[in-house]
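Okay, upload-v3.txt is below, compact mmCIF, C-alpha atoms:
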# COMPACT_ATOMS: atom_id res chain seq x y z
CA MET A 1 -103.08 78.94 -67.37
CA ALA A 2 -99.58 77.81 -66.45
CA ASP A 3 -98.58 77.60 -62.81
CA PRO A 4 -95.63 79.97 -62.45
CA ALA A 5 -93.99 77.63 -59.92
CA VAL A 6 -93.56 74.91 -62.53
CA ASP A 7 -93.03 77.08 -65.58
CA PRO A 8 -89.32 76.93 -66.43
CA GLY A 9 -89.59 80.26 -68.22
CA ALA A 10 -90.39 82.01 -64.93
CA ARG A 11 -87.10 80.99 -63.32
CA SER A 12 -84.01 83.13 -63.25
CA GLY A 13 -81.52 80.28 -62.75
CA PRO A 14 -81.39 76.96 -64.58
CA ALA A 15 -84.42 74.70 -64.11
CA PRO A 16 -83.82 71.52 -62.11
CA THR A 17 -83.07 68.51 -64.30
CA GLY A 18 -84.86 66.09 -61.97
CA GLN A 19 -88.32 67.64 -62.09
CA GLY A 20 -91.20 67.56 -64.52
CA PHE A 21 -90.25 65.46 -67.54
CA GLY A 22 -86.88 65.02 -65.80
CA ARG A 23 -88.58 62.77 -63.22
CA VAL A 24 -89.45 60.35 -65.99
CA LEU A 25 -86.02 60.66 -67.61
CA VAL A 26 -84.27 59.91 -64.29
CA ALA A 27 -86.57 56.90 -63.82
CA ILE A 28 -85.61 55.55 -67.26
CA TYR A 29 -81.92 56.13 -66.55
CA GLY A 30 -82.44 54.40 -63.21
CA ILE A 31 -83.92 51.35 -64.93
CA PHE A 32 -80.88 51.15 -67.21
CA ALA A 33 -78.51 51.68 -64.30
CA LEU A 34 -80.19 48.76 -62.52
CA ALA A 35 -80.29 46.55 -65.63
CA ALA A 36 -76.70 47.23 -66.69
CA THR A 37 -75.33 46.90 -63.15
CA SER A 38 -77.02 43.58 -62.44
CA ARG A 39 -76.11 42.21 -65.85
CA SER A 40 -72.45 43.16 -65.54
CA ALA A 41 -72.26 41.95 -61.93
CA VAL A 42 -73.39 38.50 -63.05
CA GLN A 43 -71.08 38.55 -66.08
CA LEU A 44 -68.02 39.64 -64.11
CA ALA A 45 -68.70 37.23 -61.25
CA THR A 46 -69.44 34.09 -63.23
CA LYS A 47 -67.83 34.22 -66.68
CA PHE A 48 -65.37 37.09 -66.84
CA SER A 49 -62.68 34.98 -68.58
CA GLU A 50 -65.02 34.14 -71.48
CA ALA A 51 -65.08 37.68 -72.85
CA PRO A 52 -63.18 40.21 -70.72
CA LEU A 53 -63.62 43.07 -73.20
CA ALA A 54 -67.40 42.72 -73.54
CA TYR A 55 -67.92 42.30 -69.82
CA LEU A 56 -65.68 45.21 -68.87
CA LEU A 57 -67.65 47.25 -71.39
CA SER A 58 -70.88 46.18 -69.66
CA ALA A 59 -69.48 47.31 -66.32
CA PHE A 60 -68.34 50.61 -67.84
CA ALA A 61 -71.81 51.20 -69.29
CA ALA A 62 -73.30 50.45 -65.88
CA VAL A 63 -71.10 53.09 -64.23
CA VAL A 64 -72.04 55.64 -66.91
CA TYR A 65 -75.76 54.99 -66.33
CA ILE A 66 -75.38 55.24 -62.54
CA VAL A 67 -73.51 58.57 -62.80
CA ALA A 68 -76.07 59.93 -65.28
CA THR A 69 -79.00 58.86 -63.07
CA ILE A 70 -77.65 60.42 -59.89
CA SER A 71 -76.38 63.63 -61.47
CA LEU A 72 -79.65 64.22 -63.38
CA ALA A 73 -81.61 63.61 -60.18
CA ARG A 74 -79.47 66.10 -58.19
CA GLY A 75 -79.42 68.78 -60.85
CA ASP A 76 -77.15 71.41 -59.27
CA ALA A 77 -74.49 73.15 -61.38
CA ALA A 78 -71.76 70.57 -60.77
CA SER A 79 -74.18 67.67 -61.28
CA ARG A 80 -75.30 69.26 -64.52
CA ARG A 81 -71.73 69.28 -65.84
CA LEU A 82 -71.23 65.70 -64.66
CA ALA A 83 -74.50 64.64 -66.32
CA THR A 84 -73.45 66.30 -69.59
CA LEU A 85 -70.13 64.44 -69.47
CA ALA A 86 -71.70 61.08 -68.60
CA ILE A 87 -74.41 61.34 -71.26
CA SER A 88 -71.87 62.44 -73.90
CA ILE A 89 -69.77 59.36 -73.05
CA GLU A 90 -72.96 57.30 -73.25
CA LEU A 91 -73.71 58.68 -76.72
CA VAL A 92 -70.19 57.97 -77.99
CA GLY A 93 -70.28 54.52 -76.36
CA VAL A 94 -73.56 53.41 -77.86
CA LEU A 95 -72.54 54.71 -81.32
CA ILE A 96 -69.06 53.11 -81.32
CA VAL A 97 -70.10 49.81 -79.73
CA GLY A 98 -73.24 49.69 -81.86
CA ALA A 99 -71.31 50.28 -85.09
CA ALA A 100 -68.52 47.87 -84.10
CA SER A 101 -71.00 45.12 -83.23
CA VAL A 102 -72.68 45.49 -86.61
CA LEU A 103 -69.38 45.60 -88.56
CA SER A 104 -67.62 42.77 -86.73
CA PRO A 105 -70.23 40.69 -84.91
CA ASP A 106 -67.62 38.02 -84.04
CA VAL A 107 -65.95 40.34 -81.53
CA PHE A 108 -69.30 41.10 -79.86
CA ARG A 109 -70.87 37.67 -79.55
CA HIS A 110 -71.24 38.33 -75.84
CA PRO A 111 -73.92 40.99 -75.59
CA THR A 112 -73.60 44.30 -73.79
CA VAL A 113 -76.31 46.88 -73.28
CA TRP A 114 -74.91 48.85 -76.26
CA THR A 115 -74.56 45.92 -78.70
CA GLY A 116 -76.48 46.53 -81.95
CA PHE A 117 -77.20 50.11 -80.78
CA GLY A 118 -79.12 48.64 -77.85
CA SER A 119 -81.41 46.46 -79.96
CA GLY A 120 -81.79 44.05 -77.03
CA TYR A 121 -83.51 46.89 -75.15
CA GLY A 122 -85.78 48.17 -77.91
CA LEU A 123 -83.14 50.66 -79.13
CA VAL A 124 -83.88 52.80 -76.06
CA PRO A 125 -80.11 53.00 -75.28
CA LEU A 126 -79.65 54.75 -78.64
CA ALA A 127 -82.42 57.29 -78.08
CA LEU A 128 -81.68 57.96 -74.41
CA PRO A 129 -78.47 60.05 -74.76
CA PHE A 130 -80.09 62.29 -77.39
CA VAL A 131 -83.07 62.87 -75.11
CA GLY A 132 -80.75 63.41 -72.14
CA LEU A 133 -78.60 66.01 -73.90
CA TRP A 134 -81.73 67.74 -75.23
CA TRP A 135 -83.16 67.87 -71.70
CA LEU A 136 -79.94 69.34 -70.28
CA ARG A 137 -80.07 72.05 -72.96
CA HIS A 138 -83.78 72.58 -72.49
CA THR A 139 -83.49 73.16 -68.72
CA ARG A 140 -80.40 75.39 -68.95
CA MET B 1 -92.35 29.80 -61.98
CA THR B 2 -94.17 29.86 -65.31
CA GLY B 3 -97.58 28.98 -63.90
CA SER B 4 -100.84 30.88 -63.80
CA TYR B 5 -99.75 32.97 -60.80
CA SER B 6 -97.11 34.81 -62.80
CA ALA B 7 -99.62 35.25 -65.62
CA VAL B 8 -102.01 36.89 -63.14
CA ILE B 9 -99.28 39.29 -61.96
CA THR B 10 -98.45 40.17 -65.56
CA VAL B 11 -102.08 40.94 -66.43
CA VAL B 12 -102.68 42.90 -63.20
CA SER B 13 -99.51 44.91 -63.73
CA LEU B 14 -100.41 45.73 -67.34
CA LEU B 15 -103.92 46.80 -66.30
CA PHE B 16 -102.44 49.07 -63.63
CA ALA B 17 -100.01 50.43 -66.23
CA ALA B 18 -102.88 51.24 -68.60
CA TRP B 19 -104.75 52.93 -65.77
CA ALA B 20 -101.70 54.94 -64.69
CA LEU B 21 -101.05 55.99 -68.29
CA ILE B 22 -104.65 57.21 -68.57
CA CYS B 23 -104.22 59.13 -65.30
CA ALA B 24 -101.00 60.69 -66.62
CA ALA B 25 -102.65 61.56 -69.94
CA SER B 26 -105.46 63.32 -68.10
CA ASN B 27 -102.88 65.37 -66.21
CA ARG B 28 -103.33 63.80 -62.79
CA ARG B 29 -100.67 63.68 -60.10
CA PRO B 30 -100.04 60.38 -58.24
CA THR B 31 -103.09 59.53 -56.11
CA LEU B 32 -103.62 57.34 -53.05
CA LEU B 33 -105.62 54.93 -55.20
CA LEU B 34 -102.57 54.48 -57.42
CA LEU B 35 -100.48 53.85 -54.32
CA ALA B 36 -102.98 51.18 -53.23
CA ALA B 37 -102.54 49.51 -56.62
CA GLY B 38 -98.78 49.58 -56.10
CA VAL B 39 -99.11 47.99 -52.66
CA LEU B 40 -101.33 45.25 -54.11
CA LEU B 41 -98.81 44.56 -56.89
CA GLU B 42 -95.99 44.48 -54.35
CA ALA B 43 -97.91 41.91 -52.28
CA LEU B 44 -98.42 39.76 -55.39
CA LEU B 45 -94.71 40.09 -56.21
CA LEU B 46 -93.78 39.01 -52.71
CA GLY B 47 -95.71 35.77 -53.32
CA PHE B 48 -93.91 35.38 -56.65
CA VAL B 49 -90.51 35.79 -55.01
CA VAL B 50 -91.32 33.30 -52.24
CA GLU B 51 -92.52 30.82 -54.89
CA GLY B 52 -89.30 31.38 -56.83
CA VAL B 53 -87.00 30.88 -53.84
CA VAL B 54 -88.87 27.72 -52.77
CA GLN B 55 -88.68 26.27 -56.28
CA MET B 56 -85.01 27.20 -56.50
CA ALA B 57 -84.32 25.36 -53.24
CA GLU B 58 -86.05 22.27 -54.62
CA SER B 59 -84.38 22.34 -58.02
CA ALA B 60 -81.13 20.48 -58.63
CA GLY B 61 -80.57 21.85 -62.13
CA GLN B 62 -77.88 24.15 -63.49
CA LEU B 63 -79.75 27.26 -62.43
CA ALA B 64 -77.83 30.55 -62.39
CA ARG B 65 -78.82 31.11 -58.78
CA ALA B 66 -77.24 34.51 -58.17
CA GLU B 67 -78.79 35.87 -61.37
CA PHE B 68 -82.16 34.33 -60.52
CA VAL B 69 -82.26 35.80 -57.01
CA GLY B 70 -80.99 39.12 -58.36
CA TYR B 71 -83.87 39.39 -60.81
CA LEU B 72 -86.38 38.35 -58.11
CA LEU B 73 -85.09 41.07 -55.78
CA ALA B 74 -85.15 43.62 -58.61
CA CYS B 75 -88.85 42.74 -59.16
CA LEU B 76 -89.52 43.55 -55.51
CA ALA B 77 -87.46 46.74 -55.52
CA ILE B 78 -89.01 48.44 -58.54
CA PRO B 79 -92.50 49.44 -57.23
CA PRO B 80 -91.26 51.01 -53.95
CA LEU B 81 -88.47 52.88 -55.77
CA ALA B 82 -90.94 54.14 -58.38
CA PHE B 83 -93.37 55.36 -55.73
CA TYR B 84 -90.60 57.01 -53.73
CA TRP B 85 -89.34 58.83 -56.82
CA GLY B 86 -92.71 59.43 -58.49
CA SER B 87 -94.52 60.76 -55.42
CA GLY B 88 -91.96 63.53 -55.09
CA GLU B 89 -93.32 65.08 -58.25
CA LYS B 90 -96.79 66.60 -57.91
CA SER B 91 -97.61 66.49 -61.59
CA ARG B 92 -98.40 64.03 -64.34
CA SER B 93 -94.70 63.17 -64.57
CA GLY B 94 -94.90 61.52 -61.15
CA THR B 95 -97.81 59.41 -62.40
CA LEU B 96 -95.81 58.53 -65.50
CA VAL B 97 -92.91 57.27 -63.36
CA ILE B 98 -95.34 54.92 -61.59
CA ALA B 99 -96.78 53.80 -64.94
CA LEU B 100 -93.23 52.93 -66.02
CA ALA B 101 -92.83 50.68 -62.98
CA PHE B 102 -96.07 48.86 -63.84
CA LEU B 103 -94.81 48.44 -67.42
CA ILE B 104 -91.38 47.17 -66.38
CA THR B 105 -92.68 44.58 -63.91
CA PRO B 106 -93.95 42.13 -66.61
CA VAL B 107 -90.57 42.44 -68.37
CA MET B 108 -88.80 41.57 -65.13
CA ILE B 109 -91.07 38.56 -64.62
CA LEU B 110 -90.29 37.44 -68.16
CA ARG B 111 -86.55 37.71 -67.41
CA VAL B 112 -86.98 35.66 -64.21
CA GLN B 113 -88.76 32.99 -66.25
CA GLN B 114 -86.04 33.01 -68.92
CA VAL B 115 -83.32 32.49 -66.32
CA TRP B 116 -85.43 29.76 -64.74
CA GLU B 117 -86.05 27.91 -68.00
CA ALA B 118 -82.41 28.19 -69.08
CA GLY B 119 -81.38 26.59 -65.81
CA SER B 120 -84.01 23.92 -65.28
CA GLY B 121 -84.62 22.77 -68.83
CA GLY B 122 -88.24 23.87 -68.87

Would you write out, as structure tokens, the structure that this file holds?
Amino acid sequence: MADPAVDPGARSGPAPTGQGFGRVLVAIYGIFALAATSRSAVQLATKFSEAPLAYLLSAFAAVVYIVATISLARGDAASRRLATLAISIELVGVLIVGAASVLSPDVFRHPTVWTGFGSGYGLVPLALPFVGLWWLRHTR
Amino acid sequence: MTGSYSAVITVVSLLFAAWALICAASNRRPTLLLLAAGVLLEALLLGFVVEGVVQMAESAGQLARAEFVGYLLACLAIPPLAFYWGSGEKSRSGTLVIALAFLITPVMILRVQQVWEAGSGG
């Protein structure tokens, strides 16, 4: 028998995005926020001139992951809108950068988290925005 | 950095991950026993980080020091963050968050070793 306190169907307002499965989702977003931030910090600090575009893209991805992590964890109405925006940008980013890196690999010799649709991270970066948008819909 | 100590941490972490995954699959919330496992792993990681910093101080190679230290600190940060975040959820999802931390730790150790080998030539 389902506990009414954790059953999203029993709520009148939107269910929190940072609870239940959302806990795990926020943790995964947090891992990517950490990974992308540390990677881009090293890239920007030590070899920015080698590939400014790729490294700025890394930094941008890091910011998107940080915003998505925090807004999913907070889960109020404004955070929900912010999360939807961030994850939509993430989806567009991974699709465009992924496609571009496959079509013209020369431009993307310096890897970012989204290169090859995130193949350096087990394609999780490709799946994550779909799961994130589904979860935002699911908890609405 | 690539010795048997890091292999021990990897195996221990993977065993804890398997255990946490079983706990999550059987619908259990995070327990004190799981927390004890996390504390043990954190203690092992502390030894790993000290070993890494000592070896870095002794090495004269082209090691990417900032990156190396960054990964070491990330290793240390992951279990406490996972327990802080996972314990707030009194359901299997909290346990799953902790399992994730145990799964990520071997990957982080692998990254530390890659940075080390790239910088010291083996």

Worksheet item: Near chain B, which residues of chain A fall within 10 Å when you count all atoms listed in the file, and what do they look like as a list in words?
Response: Val6, Gly18, Gln19, Gly20, Phe21, Gly22, Arg23, Val24, Leu25, Val26, Ala27, Ile28, Gly30, Ile31, Leu34, Ala35, Ser38, Arg39, Ala41, Val42, Gln43, Ala45, Thr46 and Ala73 of chain A

Worksheet item: Hey, what's within 12 Å of A:Ala54 if we count all atoms listed in the file and toss same-chain stuff fewer than 3 positions away? As a ChimeraX atom specification, please?
Response: /A:39-40,43-44,47-51,57-61,97,100-101,105-115

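You can rank A:Pro16, A:Val67, A:Arg140, A:Gly116 by their closest distance to A:Ile89 using all atoms listed in the file, and at the top of that list sits A:Val67.
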
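Closest approach to B:Leu45 from the set B:Gly61, B:Gly119, B:Pro106, B:Gly3 is made by B:Pro106, with distances taken over all atoms listed in the file.
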
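Between atom CA of B:Leu41 and atom CA of B:Gln55 lies a distance of 20.9 Å.
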
Could you tell me, as a JSON list (two decimals) with C-alpha atoms, in the frame of the given file, which residues have any atom at most 12 Å from (-82.2, 31.9, -49.3), counting only C-alpha atoms?
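Written output follows (part-v9.json):
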[["chain", "number", "residue", "atom", "x", "y", "z"],
["B", 49, "VAL", "CA", -90.51, 35.79, -55.01],
["B", 50, "VAL", "CA", -91.32, 33.30, -52.24],
["B", 51, "GLU", "CA", -92.52, 30.82, -54.89],
["B", 52, "GLY", "CA", -89.30, 31.38, -56.83],
["B", 53, "VAL", "CA", -87.00, 30.88, -53.84],
["B", 54, "VAL", "CA", -88.87, 27.72, -52.77],
["B", 55, "GLN", "CA", -88.68, 26.27, -56.28],
["B", 56, "MET", "CA", -85.01, 27.20, -56.50],
["B", 57, "ALA", "CA", -84.32, 25.36, -53.24],
["B", 58, "GLU", "CA", -86.05, 22.27, -54.62],
["B", 65, "ARG", "CA", -78.82, 31.11, -58.78],
["B", 66, "ALA", "CA", -77.24, 34.51, -58.17],
["B", 68, "PHE", "CA", -82.16, 34.33, -60.52],
["B", 69, "VAL", "CA", -82.26, 35.80, -57.01],
["B", 70, "GLY", "CA", -80.99, 39.12, -58.36],
["B", 72, "LEU", "CA", -86.38, 38.35, -58.11],
["B", 73, "LEU", "CA", -85.09, 41.07, -55.78]]

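Across the structure, atom CA of B:Ala7 and atom CA of B:Ala20 are spaced 19.8 Å apart.
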
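Computed from the coordinates, the atom CA of B:Ala77 to atom CA of B:Leu46 distance equals 10.4 Å.
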
Would you mind writing stretch 38-59 of chain B with N, CA and C atoms, as a PDB file, in the coordinates of the input?
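After the write, out.pdb holds the following:
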ATOM      1  N   GLY B  38    -100.189  49.953 -56.239  1.00  0.00           N
ATOM      2  CA  GLY B  38     -98.780  49.580 -56.100  1.00  0.00           C
ATOM      3  C   GLY B  38     -98.556  48.630 -54.944  1.00  0.00           C
ATOM      4  N   VAL B  39     -99.248  48.871 -53.823  1.00  0.00           N
ATOM      5  CA  VAL B  39     -99.110  47.990 -52.660  1.00  0.00           C
ATOM      6  C   VAL B  39     -99.638  46.598 -52.990  1.00  0.00           C
ATOM      7  N   LEU B  40    -100.764  46.542 -53.716  1.00  0.00           N
ATOM      8  CA  LEU B  40    -101.330  45.250 -54.110  1.00  0.00           C
ATOM      9  C   LEU B  40    -100.347  44.494 -55.011  1.00  0.00           C
ATOM     10  N   LEU B  41     -99.773  45.209 -55.987  1.00  0.00           N
ATOM     11  CA  LEU B  41     -98.810  44.560 -56.890  1.00  0.00           C
ATOM     12  C   LEU B  41     -97.607  44.058 -56.095  1.00  0.00           C
ATOM     13  N   GLU B  42     -97.144  44.864 -55.143  1.00  0.00           N
ATOM     14  CA  GLU B  42     -95.990  44.480 -54.350  1.00  0.00           C
ATOM     15  C   GLU B  42     -96.285  43.203 -53.544  1.00  0.00           C
ATOM     16  N   ALA B  43     -97.521  43.109 -53.020  1.00  0.00           N
ATOM     17  CA  ALA B  43     -97.910  41.910 -52.280  1.00  0.00           C
ATOM     18  C   ALA B  43     -97.906  40.684 -53.196  1.00  0.00           C
ATOM     19  N   LEU B  44     -98.423  40.857 -54.419  1.00  0.00           N
ATOM     20  CA  LEU B  44     -98.420  39.760 -55.390  1.00  0.00           C
ATOM     21  C   LEU B  44     -96.981  39.356 -55.723  1.00  0.00           C
ATOM     22  N   LEU B  45     -96.108  40.367 -55.872  1.00  0.00           N
ATOM     23  CA  LEU B  45     -94.710  40.090 -56.210  1.00  0.00           C
ATOM     24  C   LEU B  45     -94.008  39.347 -55.079  1.00  0.00           C
ATOM     25  N   LEU B  46     -94.369  39.685 -53.854  1.00  0.00           N
ATOM     26  CA  LEU B  46     -93.780  39.010 -52.710  1.00  0.00           C
ATOM     27  C   LEU B  46     -94.084  37.505 -52.779  1.00  0.00           C
ATOM     28  N   GLY B  47     -95.337  37.174 -53.134  1.00  0.00           N
ATOM     29  CA  GLY B  47     -95.710  35.770 -53.320  1.00  0.00           C
ATOM     30  C   GLY B  47     -94.900  35.124 -54.429  1.00  0.00           C
ATOM     31  N   PHE B  48     -94.682  35.871 -55.507  1.00  0.00           N
ATOM     32  CA  PHE B  48     -93.910  35.380 -56.650  1.00  0.00           C
ATOM     33  C   PHE B  48     -92.470  35.070 -56.237  1.00  0.00           C
ATOM     34  N   VAL B  49     -91.891  35.969 -55.446  1.00  0.00           N
ATOM     35  CA  VAL B  49     -90.510  35.790 -55.010  1.00  0.00           C
ATOM     36  C   VAL B  49     -90.383  34.594 -54.076  1.00  0.00           C
ATOM     37  N   VAL B  50     -91.351  34.453 -53.154  1.00  0.00           N
ATOM     38  CA  VAL B  50     -91.320  33.300 -52.240  1.00  0.00           C
ATOM     39  C   VAL B  50     -91.427  32.009 -53.049  1.00  0.00           C
ATOM     40  N   GLU B  51     -92.362  31.989 -54.023  1.00  0.00           N
ATOM     41  CA  GLU B  51     -92.520  30.820 -54.890  1.00  0.00           C
ATOM     42  C   GLU B  51     -91.193  30.500 -55.599  1.00  0.00           C
ATOM     43  N   GLY B  52     -90.549  31.566 -56.106  1.00  0.00           N
ATOM     44  CA  GLY B  52     -89.300  31.380 -56.830  1.00  0.00           C
ATOM     45  C   GLY B  52     -88.208  30.807 -55.952  1.00  0.00           C
ATOM     46  N   VAL B  53     -88.067  31.342 -54.734  1.00  0.00           N
ATOM     47  CA  VAL B  53     -87.000  30.880 -53.840  1.00  0.00           C
ATOM     48  C   VAL B  53     -87.253  29.431 -53.423  1.00  0.00           C
ATOM     49  N   VAL B  54     -88.535  29.094 -53.156  1.00  0.00           N
ATOM     50  CA  VAL B  54     -88.870  27.720 -52.770  1.00  0.00           C
ATOM     51  C   VAL B  54     -88.543  26.759 -53.910  1.00  0.00           C
ATOM     52  N   GLN B  55     -88.949  27.146 -55.138  1.00  0.00           N
ATOM     53  CA  GLN B  55     -88.680  26.270 -56.280  1.00  0.00           C
ATOM     54  C   GLN B  55     -87.193  26.136 -56.558  1.00  0.00           C
ATOM     55  N   MET B  56     -86.457  27.245 -56.296  1.00  0.00           N
ATOM     56  CA  MET B  56     -85.010  27.200 -56.500  1.00  0.00           C
ATOM     57  C   MET B  56     -84.382  26.228 -55.517  1.00  0.00           C
ATOM     58  N   ALA B  57     -84.867  26.249 -54.270  1.00  0.00           N
ATOM     59  CA  ALA B  57     -84.320  25.360 -53.240  1.00  0.00           C
ATOM     60  C   ALA B  57     -84.578  23.904 -53.595  1.00  0.00           C
ATOM     61  N   GLU B  58     -85.700  23.649 -54.279  1.00  0.00           N
ATOM     62  CA  GLU B  58     -86.050  22.270 -54.620  1.00  0.00           C
ATOM     63  C   GLU B  58     -85.372  21.788 -55.899  1.00  0.00           C
ATOM     64  N   SER B  59     -84.921  22.747 -56.728  1.00  0.00           N
ATOM     65  CA  SER B  59     -84.380  22.340 -58.020  1.00  0.00           C
ATOM     66  C   SER B  59     -82.908  21.952 -57.886  1.00  0.00           C
TER      67      SER B  59
END
